[in-house]
Amino acid sequence: MNAPVPPRVRFAPSPTGHLHVGGARTALFNWLYARSQGGTFVLRIEDTDQERSSDESYAAILEGMNWLGLDWDEGPDAGGDFGPYRQSERLDLYRAHLIKLATEDKVYRCFCNADDLAAREAAVREAGGVWEGYDGHCRHLDADAIAAFEAESRPHAWRLRTPDEGSTFWYDVIVDKREFQNEVLVDRVIVKADGFPTYQFACVVDDHLMGITHVLRGDDHVSNTPFQLLIYQALDWKPPKFGHMPMILGPDKKRLSKRHGATSVAEFADQGIIPEAMVNYLALLGWSPGGSADEVMRTKAIVGKFSLKKVNSSPAAFDYDKLAHINAMHIKRLTPEERLDLALPMIEKQGWGLADDWRIHGADDTRAYLARLLAMLGGRFSSLVNLPEQIGFFFTDDHFKDQEAWDEHVATDEGRSRLKVLAGALSESLDLDAPQEAEAFEGVVRELAEKLGLKAGDLIHPARVALSGQSRSAGIFEVMELLGGPRTVRRLETAASA
Ligand code: GLU
């Protein structure tokens with residue numbers, strides 16, 4: 001028996017936007033397949049659509065892949081024997097294969113422009129017919145007609161001659177047999193009038209020349225596969241295996257989109273999702289380890305368990321709560337230092353940092369300050385999700401305020417007068433030019449409450465809302481310590497006079 005050939009798979013994004021959940025899942029499943037089978041993972045950039053492709057998007061996709069930890073064996077920055085790996089740098093190859101097809105009369109010139117096509121489409125529809133995308137108009141142009149068009153330098157595209165009878169099918173590694181009747185497959189364009197190949201053609205040429213054994217992609221490409229198989233046929237090439245992964249839906253079972261929440265990998269990163277949790281969650285979108293295995297897994301364990309056979313063919317619903325839960329489970333095993341490494345960029349990204357007048361004990365820079373904040377929060381926001389919103393009040397006066405709590409505890413005559421008195425007592429009793437500890441703040445608050453014949457809570461509630469904007473927070477005296485005396489007093493005064 002021959003040893004199995006290690007697979008060569010690829011992720012082939014078009015650089016027309018961010019790395020989205022769907023693309024990231026496609027990349028991940030290809031990567032997992034390669035890594036679990038000792039195969040090769042290729043990154044190929046499909047940038048033949050000059051108008052829609054951009055360098056920013058190219059950079060964003062690479063950044064997203066790096067963030068997820070999906071390293072590629074061949075591709076941009078990595079090199080490889082089958083490069084270049086950007087389609088815009090491979091135009092000669094597509095040209096050479098077009099010429100081969102033209103010589104064998106397997107393609108033909110199409111002189112129809114967009115207006116011609118639109119007019120014929122309208123006529124077909126008006127007559128109650130179905131327009132499949134092209135009607136074969138230029139398939140049988142005679143030599144004179146072609147010569148006339150050429151004489152007027154009319155631009156032309158190239159279309160593949162597709163069979164009208166029989167069917168085109170494949171055994172999908174995820175979905176099983178898929179079959180399309182050839183009569184519904186139109187002669188699509190393979191090289192556009194501007195000389196650039198279409199996605200269909202470039203993809204086939206590259207998958208073949210790069211030795212790709214398995215094309216694993218989203219099932220929005222199912223309708224492209226029969227046409228691509230016909231290109232393989234025309235070029236006398238053996239096609240790779242195809243596997244189409246199920247669609248990703250939103251929680252409401254409609255196609256996942258912006259309106260459901262974050263959809264790009266970068267957005268999830270900003271929200272405090274960590275790479276291994278994202279990888280873990282994406283892996284579960286259409287795949288499961290099976291049996292009673294724990295779904296919270298480190299990437300290495302997923303690689304060990306991954307199998308294409310266990311990829312489900314029915315659509316997967318994106319569950320934001322489950323992602324947050326998996327994230328929390330992953331964060332649990334991190335050390336405080338690792339947690340800090342993740343949290344610090346989230347804070348810096350907001351443009352926040354330790355200011356000069358904060359006078360905090362043992363916190364001389366933003367990192368040390370954040371370490372204190374995280375330690376104080378303990379397990380409360382350990383998922384880091386939405387961390388900037390949760391602790392924004394330590395960095396900026398312009399933070400979220402719970403209006404209801406504000407109206408109840410701060411914006412009343414009683415609330416204002418208590419805050420004013422408290423601010424005064426703190427300034428008088430404490431040396432605000434020096435760092436003060438939680439106990440010092442506590443001492444002043446309790447003493448004042450007693451003096452006024454109040455319960456400590458009568459001062460603490462309005463103070464908490466005035467300082468944090470929230471009706472619940474970590475221990476109020478620690479909050480005061482970490483805000484520092486000057487800012488604590490200033491915020492109390494501001495709230496008292498608002
Ligand atoms: N460039 C295509 C896309 O981004 C790739 C499709 C494929 O994997 O063949 O959708």
# chains A, B, ... in the order shown; residues from 1 in each chain; ligands from 1

$ residues_around --residues "A:Asp431" --least-positions-apart "6" --cutoff "12 Å" --atoms "only C-alpha atoms" --output "number ranges by chain"
A: 359, 425, 437, 440-441, 484-486, 489

$ write_last_selection --atoms "N, CA and C atoms" --output "short mmCIF file (atom, residue, chain, number, x, y, z; two decimals), in the first residue's frame"
data_model
loop_
_atom_site.label_atom_id
_atom_site.label_comp_id
_atom_site.auth_asym_id
_atom_site.auth_seq_id
_atom_site.Cartn_x
_atom_site.Cartn_y
_atom_site.Cartn_z
N ARG A 359 -0.99 59.91 41.70
CA ARG A 359 -0.42 59.59 43.03
C ARG A 359 -0.96 58.30 43.62
N ALA A 425 -14.31 66.87 53.64
CA ALA A 425 -13.67 66.10 54.71
C ALA A 425 -12.41 65.42 54.20
N GLU A 437 -3.89 55.25 51.11
CA GLU A 437 -4.39 53.88 50.98
C GLU A 437 -5.87 53.80 51.26
N ALA A 440 -7.21 54.69 54.68
CA ALA A 440 -7.26 56.11 55.02
C ALA A 440 -8.58 56.72 54.56
N PHE A 441 -8.97 56.37 53.31
CA PHE A 441 -10.25 56.88 52.79
C PHE A 441 -11.40 56.35 53.65
N GLY A 484 -6.95 57.82 43.22
CA GLY A 484 -6.04 58.79 43.81
C GLY A 484 -6.84 59.92 44.44
N GLY A 485 -6.26 60.54 45.50
CA GLY A 485 -6.97 61.59 46.24
C GLY A 485 -7.46 62.75 45.39
N PRO A 486 -6.57 63.36 44.59
CA PRO A 486 -7.01 64.55 43.86
C PRO A 486 -8.18 64.27 42.92
N VAL A 489 -11.50 63.61 44.94
CA VAL A 489 -12.12 64.84 45.44
C VAL A 489 -12.74 65.64 44.29
#

$ residues_near_ligand --ligand "ligand 1" --cutoff "9 Å" --atoms "only C-alpha atoms and all ligand atoms" --output "PDB file with N, CA and C atoms, in the first residue's frame"
ATOM      1  N   ARG A  10      -5.230  25.209   0.982  1.00  0.00           N
ATOM      2  CA  ARG A  10      -4.943  26.653   0.891  1.00  0.00           C
ATOM      3  C   ARG A  10      -6.102  27.459   1.454  1.00  0.00           C
ATOM      4  N   PHE A  11      -5.748  28.669   1.886  1.00  0.00           N
ATOM      5  CA  PHE A  11      -6.756  29.682   2.192  1.00  0.00           C
ATOM      6  C   PHE A  11      -6.491  30.765   1.162  1.00  0.00           C
ATOM      7  N   ALA A  12      -7.559  31.163   0.452  1.00  0.00           N
ATOM      8  CA  ALA A  12      -7.351  32.052  -0.696  1.00  0.00           C
ATOM      9  C   ALA A  12      -8.228  33.292  -0.612  1.00  0.00           C
ATOM     10  N   PRO A  13      -7.979  34.145   0.375  1.00  0.00           N
ATOM     11  CA  PRO A  13      -8.861  35.304   0.537  1.00  0.00           C
ATOM     12  C   PRO A  13      -8.680  36.361  -0.549  1.00  0.00           C
ATOM     13  N   SER A  14      -9.766  37.044  -0.859  1.00  0.00           N
ATOM     14  CA  SER A  14      -9.677  38.228  -1.712  1.00  0.00           C
ATOM     15  C   SER A  14      -9.510  39.413  -0.772  1.00  0.00           C
ATOM     16  N   PRO A  15      -8.505  40.240  -0.974  1.00  0.00           N
ATOM     17  CA  PRO A  15      -8.260  41.338  -0.023  1.00  0.00           C
ATOM     18  C   PRO A  15      -9.215  42.502  -0.247  1.00  0.00           C
ATOM     19  N   THR A  16     -10.466  42.287   0.094  1.00  0.00           N
ATOM     20  CA  THR A  16     -11.480  43.319  -0.137  1.00  0.00           C
ATOM     21  C   THR A  16     -12.158  43.732   1.161  1.00  0.00           C
ATOM     22  N   GLY A  23     -14.425  33.743   6.829  1.00  0.00           N
ATOM     23  CA  GLY A  23     -13.104  33.523   6.243  1.00  0.00           C
ATOM     24  C   GLY A  23     -12.158  32.902   7.262  1.00  0.00           C
ATOM     25  N   THR A  26     -12.859  29.287   7.556  1.00  0.00           N
ATOM     26  CA  THR A  26     -12.318  28.574   6.398  1.00  0.00           C
ATOM     27  C   THR A  26     -10.809  28.396   6.555  1.00  0.00           C
ATOM     28  N   ARG A  44      -2.841  32.106  -0.229  1.00  0.00           N
ATOM     29  CA  ARG A  44      -2.791  32.721  -1.560  1.00  0.00           C
ATOM     30  C   ARG A  44      -3.723  33.919  -1.585  1.00  0.00           C
ATOM     31  N   ILE A  45      -3.238  35.012  -2.093  1.00  0.00           N
ATOM     32  CA  ILE A  45      -4.049  36.226  -2.106  1.00  0.00           C
ATOM     33  C   ILE A  45      -4.685  36.391  -3.481  1.00  0.00           C
ATOM     34  N   GLU A  46      -6.003  36.414  -3.506  1.00  0.00           N
ATOM     35  CA  GLU A  46      -6.718  36.486  -4.786  1.00  0.00           C
ATOM     36  C   GLU A  46      -7.116  37.935  -5.069  1.00  0.00           C
ATOM     37  N   ASP A  47      -6.170  38.647  -5.658  1.00  0.00           N
ATOM     38  CA  ASP A  47      -6.351  40.091  -5.835  1.00  0.00           C
ATOM     39  C   ASP A  47      -6.456  40.484  -7.303  1.00  0.00           C
ATOM     40  N   TYR A 199     -12.013  35.258 -11.097  1.00  0.00           N
ATOM     41  CA  TYR A 199     -11.718  34.389  -9.950  1.00  0.00           C
ATOM     42  C   TYR A 199     -11.730  32.920 -10.367  1.00  0.00           C
ATOM     43  N   GLN A 200     -12.755  32.525 -11.140  1.00  0.00           N
ATOM     44  CA  GLN A 200     -12.930  31.117 -11.512  1.00  0.00           C
ATOM     45  C   GLN A 200     -11.668  30.547 -12.164  1.00  0.00           C
ATOM     46  N   CYS A 203      -8.306  30.816  -9.951  1.00  0.00           N
ATOM     47  CA  CYS A 203      -8.383  29.864  -8.849  1.00  0.00           C
ATOM     48  C   CYS A 203      -8.028  28.451  -9.321  1.00  0.00           C
ATOM     49  N   VAL A 204      -8.573  28.059 -10.471  1.00  0.00           N
ATOM     50  CA  VAL A 204      -8.298  26.713 -10.989  1.00  0.00           C
ATOM     51  C   VAL A 204      -6.826  26.584 -11.390  1.00  0.00           C
ATOM     52  N   ASP A 207      -4.782  26.523  -8.133  1.00  0.00           N
ATOM     53  CA  ASP A 207      -4.951  25.305  -7.329  1.00  0.00           C
ATOM     54  C   ASP A 207      -4.194  24.154  -7.992  1.00  0.00           C
ATOM     55  N   VAL A 215      -9.678  21.402  -1.825  1.00  0.00           N
ATOM     56  CA  VAL A 215     -10.189  22.774  -1.762  1.00  0.00           C
ATOM     57  C   VAL A 215     -11.303  22.784  -0.728  1.00  0.00           C
ATOM     58  N   LEU A 216     -11.003  23.357   0.422  1.00  0.00           N
ATOM     59  CA  LEU A 216     -12.006  23.417   1.494  1.00  0.00           C
ATOM     60  C   LEU A 216     -12.432  24.866   1.619  1.00  0.00           C
ATOM     61  N   ARG A 217     -13.697  25.138   1.368  1.00  0.00           N
ATOM     62  CA  ARG A 217     -14.142  26.528   1.390  1.00  0.00           C
ATOM     63  C   ARG A 217     -15.602  26.595   1.780  1.00  0.00           C
ATOM     64  N   GLY A 218     -16.094  27.827   1.928  1.00  0.00           N
ATOM     65  CA  GLY A 218     -17.468  28.028   2.371  1.00  0.00           C
ATOM     66  C   GLY A 218     -18.458  27.556   1.320  1.00  0.00           C
ATOM     67  N   ASP A 220     -20.848  28.954   0.085  1.00  0.00           N
ATOM     68  CA  ASP A 220     -21.283  29.960  -0.890  1.00  0.00           C
ATOM     69  C   ASP A 220     -20.550  29.738  -2.228  1.00  0.00           C
ATOM     70  N   HIS A 221     -19.559  28.855  -2.223  1.00  0.00           N
ATOM     71  CA  HIS A 221     -18.834  28.582  -3.478  1.00  0.00           C
ATOM     72  C   HIS A 221     -19.329  27.342  -4.199  1.00  0.00           C
ATOM     73  N   ASN A 224     -19.902  27.645  -7.775  1.00  0.00           N
ATOM     74  CA  ASN A 224     -18.728  27.863  -8.633  1.00  0.00           C
ATOM     75  C   ASN A 224     -18.043  26.545  -8.991  1.00  0.00           C
ATOM     76  N   THR A 225     -18.227  25.565  -8.134  1.00  0.00           N
ATOM     77  CA  THR A 225     -17.450  24.332  -8.298  1.00  0.00           C
ATOM     78  C   THR A 225     -17.704  23.621  -9.631  1.00  0.00           C
TER      79      THR A 225
END

$ closest_residue --among "A:Leu43, A:Leu70, A:Ala34, A:Ala145" --to "A:Thr299" --atoms "only C-alpha atoms"
A:Leu70

$ closest_residue --among "A:Glu51, A:Glu276, A:Asp294, A:Asp252" --to "A:Leu68" --atoms "only C-alpha atoms"
A:Glu276

$ residues_around --residues "A:Val205" --least-positions-apart "6" --cutoff "9 Å" --atoms "only C-alpha atoms" --output "VMD selection string"
chain A and resid 93 to 94 97 231 to 232

$ write_last_selection --atoms "N, CA, C and O atoms" --output "PDB file, in the first residue's frame"
ATOM      1  N   LEU A  93       1.021  33.543 -16.140  1.00  0.00           N
ATOM      2  CA  LEU A  93       0.606  32.135 -16.082  1.00  0.00           C
ATOM      3  C   LEU A  93      -0.825  31.964 -16.598  1.00  0.00           C
ATOM      4  O   LEU A  93      -1.134  31.023 -17.329  1.00  0.00           O
ATOM      5  N   TYR A  94      -1.702  32.884 -16.204  1.00  0.00           N
ATOM      6  CA  TYR A  94      -3.096  32.777 -16.650  1.00  0.00           C
ATOM      7  C   TYR A  94      -3.162  32.965 -18.163  1.00  0.00           C
ATOM      8  O   TYR A  94      -3.888  32.277 -18.863  1.00  0.00           O
ATOM      9  N   HIS A  97      -2.159  29.886 -20.054  1.00  0.00           N
ATOM     10  CA  HIS A  97      -3.191  28.841 -20.072  1.00  0.00           C
ATOM     11  C   HIS A  97      -4.391  29.246 -20.908  1.00  0.00           C
ATOM     12  O   HIS A  97      -5.048  28.395 -21.507  1.00  0.00           O
ATOM     13  N   ILE A 231     -13.461  23.739 -16.133  1.00  0.00           N
ATOM     14  CA  ILE A 231     -12.158  24.322 -16.521  1.00  0.00           C
ATOM     15  C   ILE A 231     -11.061  23.256 -16.379  1.00  0.00           C
ATOM     16  O   ILE A 231     -10.202  23.109 -17.252  1.00  0.00           O
ATOM     17  N   TYR A 232     -11.106  22.514 -15.266  1.00  0.00           N
ATOM     18  CA  TYR A 232     -10.120  21.417 -15.109  1.00  0.00           C
ATOM     19  C   TYR A 232     -10.199  20.474 -16.309  1.00  0.00           C
ATOM     20  O   TYR A 232      -9.185  20.075 -16.882  1.00  0.00           O
TER      21      TYR A 232
END

$ residues_around --residues "A:Thr48" --least-positions-apart "2" --cutoff "7 Å" --atoms "only C-alpha atoms" --output "PDB file with N, CA and C atoms, in the first residue's frame"
ATOM      1  N   GLU A  46      -6.003  36.414  -3.506  1.00  0.00           N
ATOM      2  CA  GLU A  46      -6.718  36.486  -4.786  1.00  0.00           C
ATOM      3  C   GLU A  46      -7.116  37.935  -5.069  1.00  0.00           C
ATOM      4  N   GLN A  50      -9.067  44.306  -9.381  1.00  0.00           N
ATOM      5  CA  GLN A  50      -8.258  45.484  -9.083  1.00  0.00           C
ATOM      6  C   GLN A  50      -9.033  46.565  -8.355  1.00  0.00           C
ATOM      7  N   GLN A  87      -2.099  36.709  -6.730  1.00  0.00           N
ATOM      8  CA  GLN A  87      -2.514  36.454  -8.110  1.00  0.00           C
ATOM      9  C   GLN A  87      -2.144  37.596  -9.059  1.00  0.00           C
ATOM     10  N   SER A  88      -2.096  38.812  -8.540  1.00  0.00           N
ATOM     11  CA  SER A  88      -1.757  39.930  -9.427  1.00  0.00           C
ATOM     12  C   SER A  88      -0.334  39.793  -9.965  1.00  0.00           C
ATOM     13  N   PHE A 196      -7.562  40.724 -17.301  1.00  0.00           N
ATOM     14  CA  PHE A 196      -7.389  40.033 -16.025  1.00  0.00           C
ATOM     15  C   PHE A 196      -8.253  38.769 -15.989  1.00  0.00           C
ATOM     16  N   PRO A 197      -7.735  37.719 -15.371  1.00  0.00           N
ATOM     17  CA  PRO A 197      -8.545  36.505 -15.262  1.00  0.00           C
ATOM     18  C   PRO A 197      -9.681  36.735 -14.264  1.00  0.00           C
TER      19      PRO A 197
END

$ residues_around --residues "stretch 103-108 of chain A" --least-positions-apart "2" --cutoff "7 Å" --atoms "only C-alpha atoms" --output "ChimeraX atom specification"
/A:99-101,110,139,158-161,234

$ write_last_selection --atoms "C-alpha atoms" --output "PDB file, in the first residue's frame"
ATOM      1  CA  ILE A  99      -3.659  30.707 -25.034  1.00  0.00           C
ATOM      2  CA  LYS A 100      -3.603  26.931 -24.672  1.00  0.00           C
ATOM      3  CA  LEU A 101      -7.385  26.836 -24.340  1.00  0.00           C
ATOM      4  CA  CYS A 110     -17.204  37.399 -26.358  1.00  0.00           C
ATOM      5  CA  ARG A 139     -20.332  31.100 -29.138  1.00  0.00           C
ATOM      6  CA  TRP A 158     -12.987  35.087 -23.145  1.00  0.00           C
ATOM      7  CA  ARG A 159     -15.619  32.527 -22.232  1.00  0.00           C
ATOM      8  CA  LEU A 160     -15.323  28.799 -21.701  1.00  0.00           C
ATOM      9  CA  ARG A 161     -17.352  26.553 -24.012  1.00  0.00           C
ATOM     10  CA  ALA A 234     -10.809  21.693 -20.549  1.00  0.00           C
TER      11      ALA A 234
END

$ residues_around --residues "A:Ser313" --least-positions-apart "4" --cutoff "10 Å" --atoms "only C-alpha atoms" --output "PyMOL selection string"
chain A and resi 173-176+219+243-247+286-287

$ select_by_dssp --residues "stretch 224-355 of chain A" --states "helix (DSSP H, G or I)" --output "PyMOL selection string"
chain A and resi 225-234+258-260+265-270+275-283+299-305+308-310+320-332+336-348

$ residues_around --residues "A:Pro6" --least-positions-apart "3" --cutoff "7 Å" --atoms "only C-alpha atoms" --output "number ranges by chain"
A: 37-39

$ atom_distance --atom1 "atom CA of A:Leu230" --atom2 "atom CA of A:Phe29"
25.9 Å

$ select_by_dssp --residues "stretch 86-303 of chain A" --states "strand (DSSP E)" --output "short mmCIF file (atom, residue, chain, number, x, y, z; two decimals) with N, CA and C atoms, in the first residue's frame"
data_model
loop_
_atom_site.label_atom_id
_atom_site.label_comp_id
_atom_site.auth_asym_id
_atom_site.auth_seq_id
_atom_site.Cartn_x
_atom_site.Cartn_y
_atom_site.Cartn_z
N VAL A 107 -12.24 27.85 -25.67
CA VAL A 107 -12.76 29.14 -25.22
C VAL A 107 -13.09 29.96 -26.45
N TYR A 108 -13.89 30.97 -26.26
CA TYR A 108 -14.17 31.84 -27.40
C TYR A 108 -14.25 33.29 -26.95
N ARG A 109 -14.06 34.18 -27.93
CA ARG A 109 -14.13 35.60 -27.63
C ARG A 109 -15.58 36.05 -27.51
N CYS A 110 -15.85 36.87 -26.51
CA CYS A 110 -17.20 37.40 -26.36
C CYS A 110 -17.10 38.93 -26.42
N ALA A 157 -14.03 39.73 -23.97
CA ALA A 157 -13.67 38.81 -22.89
C ALA A 157 -13.52 37.42 -23.51
N TRP A 158 -13.06 36.48 -22.68
CA TRP A 158 -12.99 35.09 -23.15
C TRP A 158 -13.92 34.24 -22.28
N ARG A 159 -14.71 33.42 -22.97
CA ARG A 159 -15.62 32.53 -22.23
C ARG A 159 -15.28 31.07 -22.52
N LEU A 160 -15.56 30.24 -21.53
CA LEU A 160 -15.32 28.80 -21.70
C LEU A 160 -16.53 28.17 -22.40
N SER A 167 -24.18 15.95 -17.04
CA SER A 167 -24.12 16.66 -15.76
C SER A 167 -22.68 16.72 -15.28
N THR A 168 -22.45 17.62 -14.35
CA THR A 168 -21.13 17.74 -13.73
C THR A 168 -21.32 17.48 -12.24
N PHE A 169 -20.54 16.60 -11.70
CA PHE A 169 -20.74 16.27 -10.28
C PHE A 169 -19.41 16.01 -9.59
N TRP A 170 -19.46 16.01 -8.28
CA TRP A 170 -18.28 15.65 -7.50
C TRP A 170 -18.74 15.06 -6.17
N TYR A 171 -17.84 14.34 -5.54
CA TYR A 171 -18.15 13.80 -4.22
C TYR A 171 -17.52 14.71 -3.19
N ASP A 172 -18.36 15.52 -2.61
CA ASP A 172 -17.86 16.54 -1.68
C ASP A 172 -17.43 15.85 -0.38
N ASP A 176 -21.09 15.20 0.58
CA ASP A 176 -21.42 14.03 -0.24
C ASP A 176 -21.62 14.45 -1.71
N LYS A 177 -22.37 13.67 -2.47
CA LYS A 177 -22.42 13.94 -3.92
C LYS A 177 -23.17 15.23 -4.24
N ARG A 178 -22.57 16.04 -5.12
CA ARG A 178 -23.25 17.24 -5.61
C ARG A 178 -23.27 17.14 -7.12
N GLU A 179 -24.41 17.45 -7.70
CA GLU A 179 -24.52 17.30 -9.15
C GLU A 179 -25.27 18.48 -9.75
N PHE A 180 -24.78 18.97 -10.87
CA PHE A 180 -25.43 20.07 -11.59
C PHE A 180 -25.65 19.64 -13.04
N GLN A 181 -26.82 19.93 -13.56
CA GLN A 181 -27.07 19.62 -14.97
C GLN A 181 -26.30 20.64 -15.82
N VAL A 189 -17.34 33.89 -18.12
CA VAL A 189 -16.09 34.56 -18.53
C VAL A 189 -14.93 33.98 -17.73
N ILE A 190 -13.82 33.71 -18.40
CA ILE A 190 -12.63 33.30 -17.64
C ILE A 190 -11.52 34.37 -17.70
N VAL A 191 -11.54 35.17 -18.77
CA VAL A 191 -10.62 36.31 -18.81
C VAL A 191 -11.44 37.53 -19.24
N HIS A 214 -6.85 19.45 -1.71
CA HIS A 214 -8.21 19.61 -1.18
C HIS A 214 -8.57 21.08 -1.17
N VAL A 215 -9.68 21.40 -1.83
CA VAL A 215 -10.19 22.77 -1.76
C VAL A 215 -11.30 22.78 -0.73
N LEU A 216 -11.00 23.36 0.42
CA LEU A 216 -12.01 23.42 1.49
C LEU A 216 -12.43 24.87 1.62
N ARG A 217 -13.70 25.14 1.37
CA ARG A 217 -14.14 26.53 1.39
C ARG A 217 -15.60 26.60 1.78
N GLY A 218 -16.09 27.83 1.93
CA GLY A 218 -17.47 28.03 2.37
C GLY A 218 -18.46 27.56 1.32
N LYS A 241 -9.84 17.40 -4.54
CA LYS A 241 -11.10 17.09 -3.85
C LYS A 241 -11.70 18.40 -3.37
N PHE A 242 -13.01 18.46 -3.30
CA PHE A 242 -13.68 19.68 -2.81
C PHE A 242 -14.46 19.37 -1.54
N GLY A 243 -14.44 20.32 -0.65
CA GLY A 243 -15.26 20.20 0.56
C GLY A 243 -15.86 21.57 0.87
N HIS A 244 -17.16 21.62 1.01
CA HIS A 244 -17.81 22.91 1.25
C HIS A 244 -18.36 22.97 2.67
N MET A 245 -17.87 23.96 3.39
CA MET A 245 -18.24 24.07 4.81
C MET A 245 -19.55 24.79 4.99
N ILE A 248 -22.38 30.12 8.09
CA ILE A 248 -22.47 30.56 9.49
C ILE A 248 -23.65 31.53 9.59
N LEU A 249 -24.56 31.19 10.48
CA LEU A 249 -25.76 32.02 10.65
C LEU A 249 -25.65 32.81 11.95
#

$ closest_residue --among "A:Ile61, A:Ile302, A:Leu229, A:Met376" --to "A:Thr162" --atoms "only C-alpha atoms"
A:Leu229

$ atom_distance --atom1 "atom CA of A:Gly22" --atom2 "atom CA of A:Lys300"
21.5 Å
